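Data from final37.cif: mmCIF, C-alpha atoms and all ligand atoms; chains and numbers go by the auth columns
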data_work
loop_
_atom_site.group_PDB
_atom_site.id
_atom_site.type_symbol
_atom_site.label_atom_id
_atom_site.label_comp_id
_atom_site.label_asym_id
_atom_site.label_seq_id
_atom_site.Cartn_x
_atom_site.Cartn_y
_atom_site.Cartn_z
_atom_site.B_iso_or_equiv
_atom_site.auth_seq_id
_atom_site.auth_asym_id
ATOM 1 C CA MET A 1 90.277 87.490 124.953 0.00 55 O
ATOM 2 C CA LYS A 2 92.242 84.801 123.181 0.00 56 O
ATOM 3 C CA PRO A 3 95.581 85.811 121.712 0.00 57 O
ATOM 4 C CA PHE A 4 94.972 86.791 118.145 0.00 58 O
ATOM 5 C CA PRO A 5 97.201 86.896 115.135 0.00 59 O
ATOM 6 C CA GLY A 6 96.918 90.651 115.030 0.00 60 O
ATOM 7 C CA ARG A 7 99.884 91.078 117.385 0.00 61 O
ATOM 8 C CA ALA A 8 102.331 91.191 114.531 0.00 62 O
ATOM 9 C CA LEU A 9 99.880 93.411 112.691 0.00 63 O
ATOM 10 C CA VAL A 10 99.960 95.812 115.613 0.00 64 O
ATOM 11 C CA SER A 11 103.722 95.841 115.339 0.00 65 O
ATOM 12 C CA LEU A 12 103.312 96.850 111.750 0.00 66 O
ATOM 13 C CA PHE A 13 100.999 99.714 112.668 0.00 67 O
ATOM 14 C CA LEU A 14 103.404 100.885 115.341 0.00 68 O
ATOM 15 C CA LEU A 15 106.315 100.652 112.978 0.00 69 O
ATOM 16 C CA VAL A 16 104.546 102.756 110.393 0.00 70 O
ATOM 17 C CA PHE A 17 103.166 105.339 112.758 0.00 71 O
ATOM 18 C CA VAL A 18 106.170 105.629 115.007 0.00 72 O
ATOM 19 C CA SER A 19 108.650 105.828 112.180 0.00 73 O
ATOM 20 C CA ILE A 20 106.974 108.796 110.532 0.00 74 O
ATOM 21 C CA PRO A 21 107.770 111.409 113.227 0.00 75 O
ATOM 22 C CA ALA A 22 111.328 110.053 113.305 0.00 76 O
ATOM 23 C CA ILE A 23 111.561 110.594 109.583 0.00 77 O
ATOM 24 C CA ALA A 24 110.219 114.127 109.953 0.00 78 O
ATOM 25 C CA ALA A 25 112.772 114.891 112.666 0.00 79 O
ATOM 26 C CA VAL A 26 115.640 114.498 110.228 0.00 80 O
ATOM 27 C CA GLU A 27 113.682 116.456 107.618 0.00 81 O
ATOM 28 C CA LYS A 28 113.185 113.604 105.228 0.00 82 O
ATOM 29 C CA PRO A 29 110.117 113.647 102.981 0.00 83 O
ATOM 30 C CA LYS A 30 106.941 113.072 104.943 0.00 84 O
ATOM 31 C CA VAL A 31 104.844 109.966 104.426 0.00 85 O
ATOM 32 C CA ASN A 32 101.325 109.982 105.890 0.00 86 O
ATOM 33 C CA VAL A 33 99.131 106.946 106.442 0.00 87 O
ATOM 34 C CA ILE A 34 95.351 106.599 106.462 0.00 88 O
ATOM 35 C CA LEU A 35 94.247 103.401 108.186 0.00 89 O
ATOM 36 C CA TRP A 36 90.568 102.778 107.466 0.00 90 O
ATOM 37 C CA PHE A 37 88.037 100.122 108.278 0.00 91 O
ATOM 38 C CA ASP A 38 84.723 99.649 106.551 0.00 92 O
ATOM 39 C CA THR A 39 82.366 98.900 109.448 0.00 93 O
ATOM 40 C CA GLU A 40 79.465 97.333 107.684 0.00 94 O
ATOM 41 C CA ASP A 41 78.334 94.048 109.240 0.00 95 O
ATOM 42 C CA TYR A 42 74.997 94.929 110.846 0.00 96 O
ATOM 43 C CA LEU A 43 73.767 91.320 110.920 0.00 97 O
ATOM 44 C CA LEU A 44 76.181 89.516 113.243 0.00 98 O
ATOM 45 C CA PRO A 45 76.365 90.768 116.849 0.00 99 O
ATOM 46 C CA ALA A 46 79.871 89.222 116.987 0.00 100 O
ATOM 47 C CA ASP A 47 80.988 92.051 114.740 0.00 101 O
ATOM 48 C CA ASP A 48 80.039 94.532 117.477 0.00 102 O
ATOM 49 C CA ASP A 49 82.543 92.931 119.836 0.00 103 O
ATOM 50 C CA ALA A 50 85.197 92.674 117.135 0.00 104 O
ATOM 51 C CA THR A 51 84.735 96.350 116.294 0.00 105 O
ATOM 52 C CA LYS A 52 85.107 97.296 119.938 0.00 106 O
ATOM 53 C CA ARG A 53 88.283 95.267 120.404 0.00 107 O
ATOM 54 C CA LEU A 54 89.791 96.612 117.219 0.00 108 O
ATOM 55 C CA ALA A 55 89.011 100.221 118.170 0.00 109 O
ATOM 56 C CA GLN A 56 90.336 99.737 121.701 0.00 110 O
ATOM 57 C CA MET A 57 93.464 97.925 120.519 0.00 111 O
ATOM 58 C CA LEU A 58 94.331 100.861 118.292 0.00 112 O
ATOM 59 C CA THR A 59 93.482 103.449 120.948 0.00 113 O
ATOM 60 C CA GLU A 60 95.712 101.715 123.496 0.00 114 O
ATOM 61 C CA ARG A 61 98.588 102.061 121.048 0.00 115 O
ATOM 62 C CA GLY A 62 97.910 105.704 120.307 0.00 116 O
ATOM 63 C CA ILE A 63 96.717 105.012 116.779 0.00 117 O
ATOM 64 C CA ARG A 64 93.755 106.960 115.431 0.00 118 O
ATOM 65 C CA ALA A 65 92.065 105.135 112.573 0.00 119 O
ATOM 66 C CA THR A 66 89.072 105.945 110.389 0.00 120 O
ATOM 67 C CA PHE A 67 86.000 103.751 110.827 0.00 121 O
ATOM 68 C CA LYS A 68 83.503 104.185 107.987 0.00 122 O
ATOM 69 C CA LEU A 69 80.130 103.124 109.360 0.00 123 O
ATOM 70 C CA VAL A 70 77.099 101.933 107.482 0.00 124 O
ATOM 71 C CA GLY A 71 73.973 103.764 108.702 0.00 125 O
ATOM 72 C CA GLU A 72 72.271 100.519 109.686 0.00 126 O
ATOM 73 C CA LYS A 73 75.350 99.450 111.662 0.00 127 O
ATOM 74 C CA ALA A 74 75.117 102.598 113.773 0.00 128 O
ATOM 75 C CA ARG A 75 71.394 101.991 114.303 0.00 129 O
ATOM 76 C CA VAL A 76 71.828 98.362 115.399 0.00 130 O
ATOM 77 C CA LEU A 77 74.553 99.391 117.835 0.00 131 O
ATOM 78 C CA GLU A 78 72.049 101.813 119.308 0.00 132 O
ATOM 79 C CA ARG A 79 69.221 99.239 119.354 0.00 133 O
ATOM 80 C CA ARG A 80 71.440 96.596 120.961 0.00 134 O
ATOM 81 C CA GLY A 81 72.451 99.100 123.615 0.00 135 O
ATOM 82 C CA ARG A 82 76.120 98.860 122.685 0.00 136 O
ATOM 83 C CA ARG A 83 77.165 102.184 124.151 0.00 137 O
ATOM 84 C CA ASP A 84 80.522 100.543 124.914 0.00 138 O
ATOM 85 C CA VAL A 85 81.179 99.932 121.217 0.00 139 O
ATOM 86 C CA ILE A 86 80.046 103.434 120.333 0.00 140 O
ATOM 87 C CA ALA A 87 82.339 104.888 122.997 0.00 141 O
ATOM 88 C CA ALA A 88 85.283 102.874 121.648 0.00 142 O
ATOM 89 C CA LEU A 89 84.582 104.059 118.110 0.00 143 O
ATOM 90 C CA LYS A 90 84.357 107.694 119.197 0.00 144 O
ATOM 91 C CA LYS A 91 88.085 107.672 119.937 0.00 145 O
ATOM 92 C CA HIS A 92 88.606 107.479 116.162 0.00 146 O
ATOM 93 C CA ASP A 93 87.508 109.355 113.060 0.00 147 O
ATOM 94 C CA ILE A 94 84.010 108.396 111.977 0.00 148 O
ATOM 95 C CA GLY A 95 83.241 108.164 108.279 0.00 149 O
ATOM 96 C CA TYR A 96 80.208 106.967 106.338 0.00 150 O
ATOM 97 C CA HIS A 97 79.726 103.881 104.208 0.00 151 O
ATOM 98 C CA ALA A 98 76.151 104.189 102.840 0.00 152 O
ATOM 99 C CA ASN A 99 72.844 103.589 104.564 0.00 153 O
ATOM 100 C CA PHE A 100 72.368 99.856 103.924 0.00 154 O
ATOM 101 C CA HIS A 101 75.572 98.936 102.059 0.00 155 O
ATOM 102 C CA SER A 102 74.776 96.277 99.435 0.00 156 O
ATOM 103 C CA VAL A 103 70.975 96.344 99.594 0.00 157 O
ATOM 104 C CA HIS A 104 69.735 97.036 96.068 0.00 158 O
ATOM 105 C CA PRO A 105 69.515 99.454 94.464 0.00 159 O
ATOM 106 C CA THR A 106 73.021 100.580 95.410 0.00 160 O
ATOM 107 C CA PRO A 107 74.237 104.111 94.536 0.00 161 O
ATOM 108 C CA SER A 108 75.612 103.272 91.098 0.00 162 O
ATOM 109 C CA GLU A 109 72.343 101.506 90.246 0.00 163 O
ATOM 110 C CA TYR A 110 69.916 104.246 91.295 0.00 164 O
ATOM 111 C CA LEU A 111 72.170 106.998 89.915 0.00 165 O
ATOM 112 C CA ALA A 112 72.847 105.340 86.552 0.00 166 O
ATOM 113 C CA ASP A 113 70.162 107.315 84.734 0.00 167 O
ATOM 114 C CA CYS A 114 70.554 110.548 86.709 0.00 168 O
ATOM 115 C CA GLY A 115 72.344 113.690 85.683 0.00 169 O
ATOM 116 C CA LEU A 116 74.398 115.731 88.124 0.00 170 O
ATOM 117 C CA LEU A 117 71.836 117.802 89.998 0.00 171 O
ATOM 118 C CA ASP A 118 69.050 115.231 90.161 0.00 172 O
ATOM 119 C CA GLY A 119 71.682 112.629 91.085 0.00 173 O
ATOM 120 C CA ILE A 120 72.910 114.758 93.982 0.00 174 O
ATOM 121 C CA ALA A 121 69.326 115.130 95.191 0.00 175 O
ATOM 122 C CA GLU A 122 68.638 111.391 94.844 0.00 176 O
ATOM 123 C CA PHE A 123 71.799 110.419 96.707 0.00 177 O
ATOM 124 C CA ALA A 124 70.935 112.858 99.506 0.00 178 O
ATOM 125 C CA ARG A 125 67.370 111.498 99.650 0.00 179 O
ATOM 126 C CA ARG A 126 68.486 107.876 99.946 0.00 180 O
ATOM 127 C CA GLU A 127 71.683 108.216 101.976 0.00 181 O
ATOM 128 C CA GLY A 128 71.219 111.447 103.924 0.00 182 O
ATOM 129 C CA GLY A 129 69.145 109.832 106.672 0.00 183 O
ATOM 130 C CA GLY A 130 71.790 107.198 107.346 0.00 184 O
ATOM 131 C CA ALA A 131 74.515 109.832 107.484 0.00 185 O
ATOM 132 C CA ALA A 132 72.422 111.821 109.971 0.00 186 O
ATOM 133 C CA ASP A 133 71.960 108.669 112.078 0.00 187 O
ATOM 134 C CA VAL A 134 75.707 108.003 112.159 0.00 188 O
ATOM 135 C CA ARG A 135 76.354 111.622 113.147 0.00 189 O
ATOM 136 C CA ARG A 136 73.705 111.517 115.885 0.00 190 O
ATOM 137 C CA ILE A 137 74.583 108.089 117.324 0.00 191 O
ATOM 138 C CA LEU A 138 78.338 108.650 117.239 0.00 192 O
ATOM 139 C CA GLY A 139 77.968 112.232 118.449 0.00 193 O
ATOM 140 C CA VAL A 140 79.898 113.936 115.659 0.00 194 O
ATOM 141 C CA LYS A 141 78.898 117.108 113.840 0.00 195 O
ATOM 142 C CA THR A 142 80.366 115.993 110.547 0.00 196 O
ATOM 143 C CA LEU A 143 81.635 112.749 109.083 0.00 197 O
ATOM 144 C CA ALA A 144 85.306 112.373 108.213 0.00 198 O
ATOM 145 C CA CYS A 145 84.735 110.871 104.776 0.00 199 O
ATOM 146 C CA TYR A 146 82.493 108.687 102.643 0.00 200 O
ATOM 147 C CA GLY A 147 83.373 105.545 100.705 0.00 201 O
ATOM 148 C CA GLN A 148 81.085 103.610 98.409 0.00 202 O
ATOM 149 C CA PRO A 149 79.661 100.160 99.197 0.00 203 O
ATOM 150 C CA GLY A 150 81.590 97.601 97.168 0.00 204 O
ATOM 151 C CA SER A 151 82.403 99.046 93.774 0.00 205 O
ATOM 152 C CA SER A 152 79.192 101.107 93.662 0.00 206 O
ATOM 153 C CA TRP A 153 80.873 104.356 92.629 0.00 207 O
ATOM 154 C CA ALA A 154 79.035 107.284 91.043 0.00 208 O
ATOM 155 C CA SER A 155 80.291 110.790 90.356 0.00 209 O
ATOM 156 C CA GLN A 156 77.179 112.419 91.832 0.00 210 O
ATOM 157 C CA THR A 157 77.987 111.001 95.275 0.00 211 O
ATOM 158 C CA ILE A 158 81.165 113.053 95.491 0.00 212 O
ATOM 159 C CA ALA A 159 79.342 116.268 94.661 0.00 213 O
ATOM 160 C CA ALA A 160 76.680 115.410 97.265 0.00 214 O
ATOM 161 C CA LEU A 161 78.959 114.867 100.249 0.00 215 O
ATOM 162 C CA LYS A 162 78.531 118.325 101.713 0.00 216 O
ATOM 163 C CA VAL A 163 74.758 117.990 101.444 0.00 217 O
ATOM 164 C CA ILE A 164 74.711 114.884 103.668 0.00 218 O
ATOM 165 C CA GLY A 165 77.213 116.221 106.210 0.00 219 O
ATOM 166 C CA VAL A 166 80.481 114.684 105.063 0.00 220 O
ATOM 167 C CA ALA A 167 82.698 117.745 105.188 0.00 221 O
ATOM 168 C CA PRO A 168 85.361 117.801 107.908 0.00 222 O
ATOM 169 C CA HIS A 169 86.582 121.372 108.384 0.00 223 O
ATOM 170 C CA GLY A 170 84.164 122.336 105.633 0.00 224 O
ATOM 171 C CA VAL A 171 85.929 120.213 103.005 0.00 225 O
ATOM 172 C CA PRO A 172 84.017 117.239 101.552 0.00 226 O
ATOM 173 C CA CYS A 173 86.192 114.130 101.638 0.00 227 O
ATOM 174 C CA TYR A 174 85.962 110.797 99.801 0.00 228 O
ATOM 175 C CA VAL A 175 88.139 107.863 100.887 0.00 229 O
ATOM 176 C CA ASP A 176 88.009 104.435 99.249 0.00 230 O
ATOM 177 C CA GLU A 177 89.825 102.392 96.663 0.00 231 O
ATOM 178 C CA GLY A 178 88.884 101.682 93.073 0.00 232 O
ATOM 179 C CA THR A 179 89.839 102.696 89.575 0.00 233 O
ATOM 180 C CA HIS A 180 86.952 104.918 88.426 0.00 234 O
ATOM 181 C CA VAL A 181 88.866 108.198 88.776 0.00 235 O
ATOM 182 C CA GLY A 182 92.368 108.990 89.934 0.00 236 O
ATOM 183 C CA LEU A 183 95.428 111.197 89.600 0.00 237 O
ATOM 184 C CA ASP A 184 99.015 109.998 90.056 0.00 238 O
ATOM 185 C CA GLU A 185 97.993 107.544 92.798 0.00 239 O
ATOM 186 C CA GLN A 186 97.689 110.374 95.327 0.00 240 O
ATOM 187 C CA PRO A 187 94.765 112.502 96.656 0.00 241 O
ATOM 188 C CA PHE A 188 93.193 114.937 94.216 0.00 242 O
ATOM 189 C CA TRP A 189 90.323 117.407 93.892 0.00 243 O
ATOM 190 C CA TYR A 190 87.175 116.252 92.137 0.00 244 O
ATOM 191 C CA GLY A 191 83.647 117.615 92.322 0.00 245 O
ATOM 192 C CA ASP A 192 84.808 120.239 94.842 0.00 246 O
ATOM 193 C CA ALA A 193 85.867 117.456 97.221 0.00 247 O
ATOM 194 C CA LEU A 194 89.193 116.043 98.393 0.00 248 O
ATOM 195 C CA VAL A 195 89.274 112.522 96.970 0.00 249 O
ATOM 196 C CA VAL A 196 91.560 109.709 98.130 0.00 250 O
ATOM 197 C CA TYR A 197 90.949 107.073 95.457 0.00 251 O
ATOM 198 C CA HIS A 198 92.741 104.946 92.906 0.00 252 O
ATOM 199 C CA MET A 199 95.826 105.019 95.093 0.00 253 O
ATOM 200 C CA GLY A 200 97.189 102.057 93.143 0.00 254 O
ATOM 201 C CA GLN A 201 100.659 101.160 94.366 0.00 255 O
ATOM 202 C CA ASN A 202 100.167 103.383 97.416 0.00 256 O
ATOM 203 C CA TYR A 203 97.233 101.344 98.691 0.00 257 O
ATOM 204 C CA THR A 204 97.290 98.038 100.497 0.00 258 O
ATOM 205 C CA ARG A 205 94.705 95.851 102.187 0.00 259 O
ATOM 206 C CA MET A 206 95.328 93.830 105.330 0.00 260 O
ATOM 207 C CA ASP A 207 94.136 90.270 105.682 0.00 261 O
ATOM 208 C CA LEU A 208 93.380 90.389 109.386 0.00 262 O
ATOM 209 C CA HIS A 209 92.285 86.768 109.512 0.00 263 O
ATOM 210 C CA ASP A 210 95.558 85.343 108.217 0.00 264 O
ATOM 211 C CA PRO A 211 98.662 85.530 110.466 0.00 265 O
ATOM 212 C CA ALA A 212 100.863 84.543 107.529 0.00 266 O
ATOM 213 C CA ALA A 213 99.717 87.659 105.667 0.00 267 O
ATOM 214 C CA VAL A 214 101.105 90.080 108.242 0.00 268 O
ATOM 215 C CA GLU A 215 104.794 89.986 107.338 0.00 269 O
ATOM 216 C CA PRO A 216 104.255 90.434 103.577 0.00 270 O
ATOM 217 C CA ALA A 217 101.870 93.309 104.349 0.00 271 O
ATOM 218 C CA LYS A 218 104.453 94.896 106.615 0.00 272 O
ATOM 219 C CA GLN A 219 107.101 94.645 103.921 0.00 273 O
ATOM 220 C CA LYS A 220 104.716 96.098 101.374 0.00 274 O
ATOM 221 C CA VAL A 221 103.962 99.165 103.509 0.00 275 O
ATOM 222 C CA LEU A 222 107.656 99.726 104.155 0.00 276 O
ATOM 223 C CA ALA A 223 108.392 99.451 100.439 0.00 277 O
ATOM 224 C CA ILE A 224 105.635 101.949 99.635 0.00 278 O
ATOM 225 C CA ALA A 225 106.998 104.358 102.248 0.00 279 O
ATOM 226 C CA ASP A 226 110.513 104.044 100.810 0.00 280 O
ATOM 227 C CA ARG A 227 109.277 104.709 97.297 0.00 281 O
ATOM 228 C CA LEU A 228 107.206 107.720 98.385 0.00 282 O
ATOM 229 C CA ARG A 229 110.134 109.209 100.289 0.00 283 O
ATOM 230 C CA GLY A 230 112.144 108.847 97.106 0.00 284 O
ATOM 231 C CA ARG A 231 109.662 111.059 95.266 0.00 285 O
ATOM 232 C CA GLY A 232 109.360 113.678 98.004 0.00 286 O
ATOM 233 C CA GLY A 233 106.702 112.170 100.286 0.00 287 O
ATOM 234 C CA GLY A 234 103.058 111.249 99.927 0.00 288 O
ATOM 235 C CA LEU A 235 100.143 109.304 101.327 0.00 289 O
ATOM 236 C CA ILE A 236 99.618 105.584 101.924 0.00 290 O
ATOM 237 C CA THR A 237 96.145 104.128 102.465 0.00 291 O
ATOM 238 C CA VAL A 238 95.791 100.900 104.410 0.00 292 O
ATOM 239 C CA ALA A 239 92.373 99.264 104.456 0.00 293 O
ATOM 240 C CA ALA A 240 90.872 96.335 106.300 0.00 294 O
ATOM 241 C CA GLY A 241 87.309 95.099 106.488 0.00 295 O
ATOM 242 C CA ASN A 242 85.633 94.353 109.786 0.00 296 O
ATOM 243 C CA ARG A 243 84.469 90.981 108.542 0.00 297 O
ATOM 244 C CA GLY A 244 88.117 89.965 108.556 0.00 298 O
ATOM 245 C CA GLY A 245 88.272 91.548 111.986 0.00 299 O
ATOM 246 C CA VAL A 246 85.615 89.201 113.287 0.00 300 O
ATOM 247 C CA GLN A 247 87.657 86.208 112.291 0.00 301 O
ATOM 248 C CA ALA A 248 90.858 87.576 113.720 0.00 302 O
ATOM 249 C CA LEU A 249 89.572 89.047 116.948 0.00 303 O
ATOM 250 C CA CYS A 250 86.842 86.695 118.120 0.00 304 O
HETATM 251 ZN ZN ZN B . 81.904 97.880 102.306 0.00 401 A
#

Could you write out this structure as structure tokens?
Ligand SMILES: [Zn+2]
Amino acid sequence: MKPFPGRALVSLFLLVFVSIPAIAAVEKPKVNVILWFDTEDYLLPADDDATKRLAQMLTERGIRATFKLVGEKARVLERRGRRDVIAALKKHDIGYHANFHSVHPTPSEYLADCGLLDGIAEFARREGGGAADVRRILGVKTLACYGQPGSSWASQTIAALKVIGVAPHGVPCYVDEGTHVGLDEQPFWYGDALVVYHMGQNYTRMDLHDPAAVEPAKQKVLAIADRLRGRGGGLITVAAGNRGGVQALC
């Protein structure tokens, strides 16, 4: 594998994750971090290798991330016989990112004219099979969370999470970023689910393909952590797309 510009990025991850227990040891306010990757490129086989290297790189450093898989991505990994990629992913939390991602109609399109109950049923009908495939192929009983494809948010999806098997420890969980609903830029309850959304200042996105973006991102995470400690602790979400991962890791 060629050296990749993620080395400094890894340092950032280590800094964030290692510093948190140290903070706890002196009883300062606790800052938690969710590091999540939308794993959605089911067209390019190169993304399979990038996903594997990313998952392994994090595992080697003791970092457990959340990979939100598109149903079709899980199925192509199975069809291509990429048990190695699946095994690497299984070291992390496995979430769900819709059955076919951006193929129309997307959730907000097919739910636009639905009410609550028929919308829940329609979401389960269209997305439930993909969620079951991800659970079966990745060998998990439940999925850690769901996040919408693009900005295709709809309230019915949150209420439907338990129906499609997105309920770790029995609690439905939604993790993504957008501005549709939110509360104080921290997790909140909505539709009987724990929702991590509209994190605003407490959310940042990594540009994995750009080495020059690492240091500013590192400083941003540290600044968020400082601010959250000042208000008694909280949660930071850090996101990165696997398409950026392909560019950085290939
Ligand atoms: Zn996506």

If we count only C-alpha atoms and set the cut-off at 7 Å, which residues sit around Met260 (chain O), ignoring sequence neighbours fewer than 6 positions away in its own chain? Please answer as a JSON list (two decimals) with C-alpha atoms, keeping the file's coordinate frame.
[["chain", "number", "residue", "atom", "x", "y", "z"],
["O", 271, "ALA", "CA", 101.87, 93.31, 104.35],
["O", 293, "ALA", "CA", 92.37, 99.26, 104.46],
["O", 294, "ALA", "CA", 90.87, 96.34, 106.30]]

Result set of the PyMOL selection byres (((not hetatm)) within 6 of (chain A and resi 401)) on the coordinates above, as a list in words: Asp92, Glu94, Pro203 and Gly204 of chain O

Please tabulate, as CSV, the residues of region 163-213 of chain O that come within 10 Å of region 140-149 of chain O, each with its closest pair of atoms and the distance in Å to one decimal, counting only C-alpha atoms and ordering rows by chain, then residue number upward.
residue,atom,partner,partner_atom,distance
O:Ala185,CA,O:Gly149,CA,8.9
O:Val188,CA,O:Ile148,CA,8.3
O:Arg189,CA,O:Ile148,CA,8.4
O:Ile191,CA,O:Ile140,CA,7.8
O:Leu192,CA,O:Ile140,CA,6.3
O:Gly193,CA,O:Lys144,CA,7.9
O:Val194,CA,O:Ile148,CA,7.8
O:Thr196,CA,O:Ile148,CA,8.5
O:Leu197,CA,O:Gly149,CA,4.9
O:Ala198,CA,O:Gly149,CA,4.7
O:Cys199,CA,O:Gly149,CA,4.7
O:Tyr200,CA,O:Gly149,CA,5.7
O:Gly201,CA,O:Gly149,CA,8.0

Hey, can you spit out that residue selection with C-alpha atoms as a PDB file, in the coordinates of the input?
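Written output follows (out_32.pdb):
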ATOM      1  CA  ALA O 185      74.515 109.832 107.484  1.00  0.00           C
ATOM      2  CA  VAL O 188      75.707 108.003 112.159  1.00  0.00           C
ATOM      3  CA  ARG O 189      76.354 111.622 113.147  1.00  0.00           C
ATOM      4  CA  ILE O 191      74.583 108.089 117.324  1.00  0.00           C
ATOM      5  CA  LEU O 192      78.338 108.650 117.239  1.00  0.00           C
ATOM      6  CA  GLY O 193      77.968 112.232 118.449  1.00  0.00           C
ATOM      7  CA  VAL O 194      79.898 113.936 115.659  1.00  0.00           C
ATOM      8  CA  THR O 196      80.366 115.993 110.547  1.00  0.00           C
ATOM      9  CA  LEU O 197      81.635 112.749 109.083  1.00  0.00           C
ATOM     10  CA  ALA O 198      85.306 112.373 108.213  1.00  0.00           C
ATOM     11  CA  CYS O 199      84.735 110.871 104.776  1.00  0.00           C
ATOM     12  CA  TYR O 200      82.493 108.687 102.643  1.00  0.00           C
ATOM     13  CA  GLY O 201      83.373 105.545 100.705  1.00  0.00           C
TER      14      GLY O 201
END

For the provided coordinates, the residues matched by the PyMOL selection byres (((chain O and resi 83) around 9) and not hetatm) should be stated as a PDB file with C-alpha atoms, in the frame of the given file.
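The resulting file, part12.pdb, is reproduced below:
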ATOM      1  CA  ILE O  77     111.561 110.594 109.583  1.00  0.00           C
ATOM      2  CA  ALA O  78     110.219 114.127 109.953  1.00  0.00           C
ATOM      3  CA  GLU O  81     113.682 116.456 107.618  1.00  0.00           C
ATOM      4  CA  LYS O  82     113.185 113.604 105.228  1.00  0.00           C
ATOM      5  CA  LYS O  84     106.941 113.072 104.943  1.00  0.00           C
ATOM      6  CA  VAL O  85     104.844 109.966 104.426  1.00  0.00           C
ATOM      7  CA  LEU O 282     107.206 107.720  98.385  1.00  0.00           C
ATOM      8  CA  ARG O 283     110.134 109.209 100.289  1.00  0.00           C
ATOM      9  CA  GLY O 284     112.144 108.847  97.106  1.00  0.00           C
ATOM     10  CA  ARG O 285     109.662 111.059  95.266  1.00  0.00           C
ATOM     11  CA  GLY O 286     109.360 113.678  98.004  1.00  0.00           C
ATOM     12  CA  GLY O 287     106.702 112.170 100.286  1.00  0.00           C
ATOM     13  CA  GLY O 288     103.058 111.249  99.927  1.00  0.00           C
TER      14      GLY O 288
END

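Distance-wise, CA of Gln210 (chain O) and CA of Pro159 (chain O) end up 15.3 Å apart.
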
Restricting to all atoms listed in the file, whichever of O:Leu215, O:Asp138, O:Ala279, O:Gly236 is closest to Arg107 (chain O) is O:Asp138

Which residue, O:Val249, O:Val130, O:Ala208, O:Met111, has the smallest gap to Asp167 (chain O) when you use all atoms listed in the file?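 Selected residue with least distance to Asp167 (chain O): O:Ala208.
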
Output as a short mmCIF file (atom, residue, chain, number, x, y, z; two decimals), in the frame of the given file: region 209-223 of chain O, completed with N, CA and C atoms.
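Output saved as rebuild-v8.cif:
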data_model
loop_
_atom_site.label_atom_id
_atom_site.label_comp_id
_atom_site.auth_asym_id
_atom_site.auth_seq_id
_atom_site.Cartn_x
_atom_site.Cartn_y
_atom_site.Cartn_z
N SER O 209 79.71 109.45 90.22
CA SER O 209 80.29 110.79 90.36
C SER O 209 79.41 111.71 91.19
N GLN O 210 78.07 111.52 91.09
CA GLN O 210 77.18 112.42 91.83
C GLN O 210 77.39 112.34 93.34
N THR O 211 77.82 111.17 93.82
CA THR O 211 77.99 111.00 95.28
C THR O 211 79.04 111.96 95.82
N ILE O 212 80.08 112.18 95.03
CA ILE O 212 81.17 113.05 95.49
C ILE O 212 80.65 114.49 95.62
N ALA O 213 79.88 114.90 94.63
CA ALA O 213 79.34 116.27 94.66
C ALA O 213 78.28 116.44 95.73
N ALA O 214 77.76 115.34 96.27
CA ALA O 214 76.68 115.41 97.26
C ALA O 214 77.18 115.32 98.71
N LEU O 215 78.47 115.15 98.90
CA LEU O 215 78.96 114.87 100.25
C LEU O 215 78.63 115.98 101.24
N LYS O 216 78.79 117.21 100.79
CA LYS O 216 78.53 118.32 101.71
C LYS O 216 77.06 118.35 102.12
N VAL O 217 76.20 117.97 101.19
CA VAL O 217 74.76 117.99 101.44
C VAL O 217 74.38 117.02 102.57
N ILE O 218 75.07 115.88 102.64
CA ILE O 218 74.71 114.88 103.67
C ILE O 218 75.61 114.97 104.91
N GLY O 219 76.43 116.01 104.99
CA GLY O 219 77.21 116.22 106.21
C GLY O 219 78.53 115.48 106.27
N VAL O 220 79.14 115.29 105.10
CA VAL O 220 80.48 114.68 105.06
C VAL O 220 81.45 115.76 104.61
N ALA O 221 81.84 116.62 105.55
CA ALA O 221 82.70 117.74 105.19
C ALA O 221 83.52 118.19 106.39
N PRO O 222 84.53 117.39 106.77
CA PRO O 222 85.36 117.80 107.91
C PRO O 222 86.07 119.12 107.60
N HIS O 223 86.00 120.03 108.56
CA HIS O 223 86.58 121.37 108.38
C HIS O 223 86.02 122.06 107.14
#
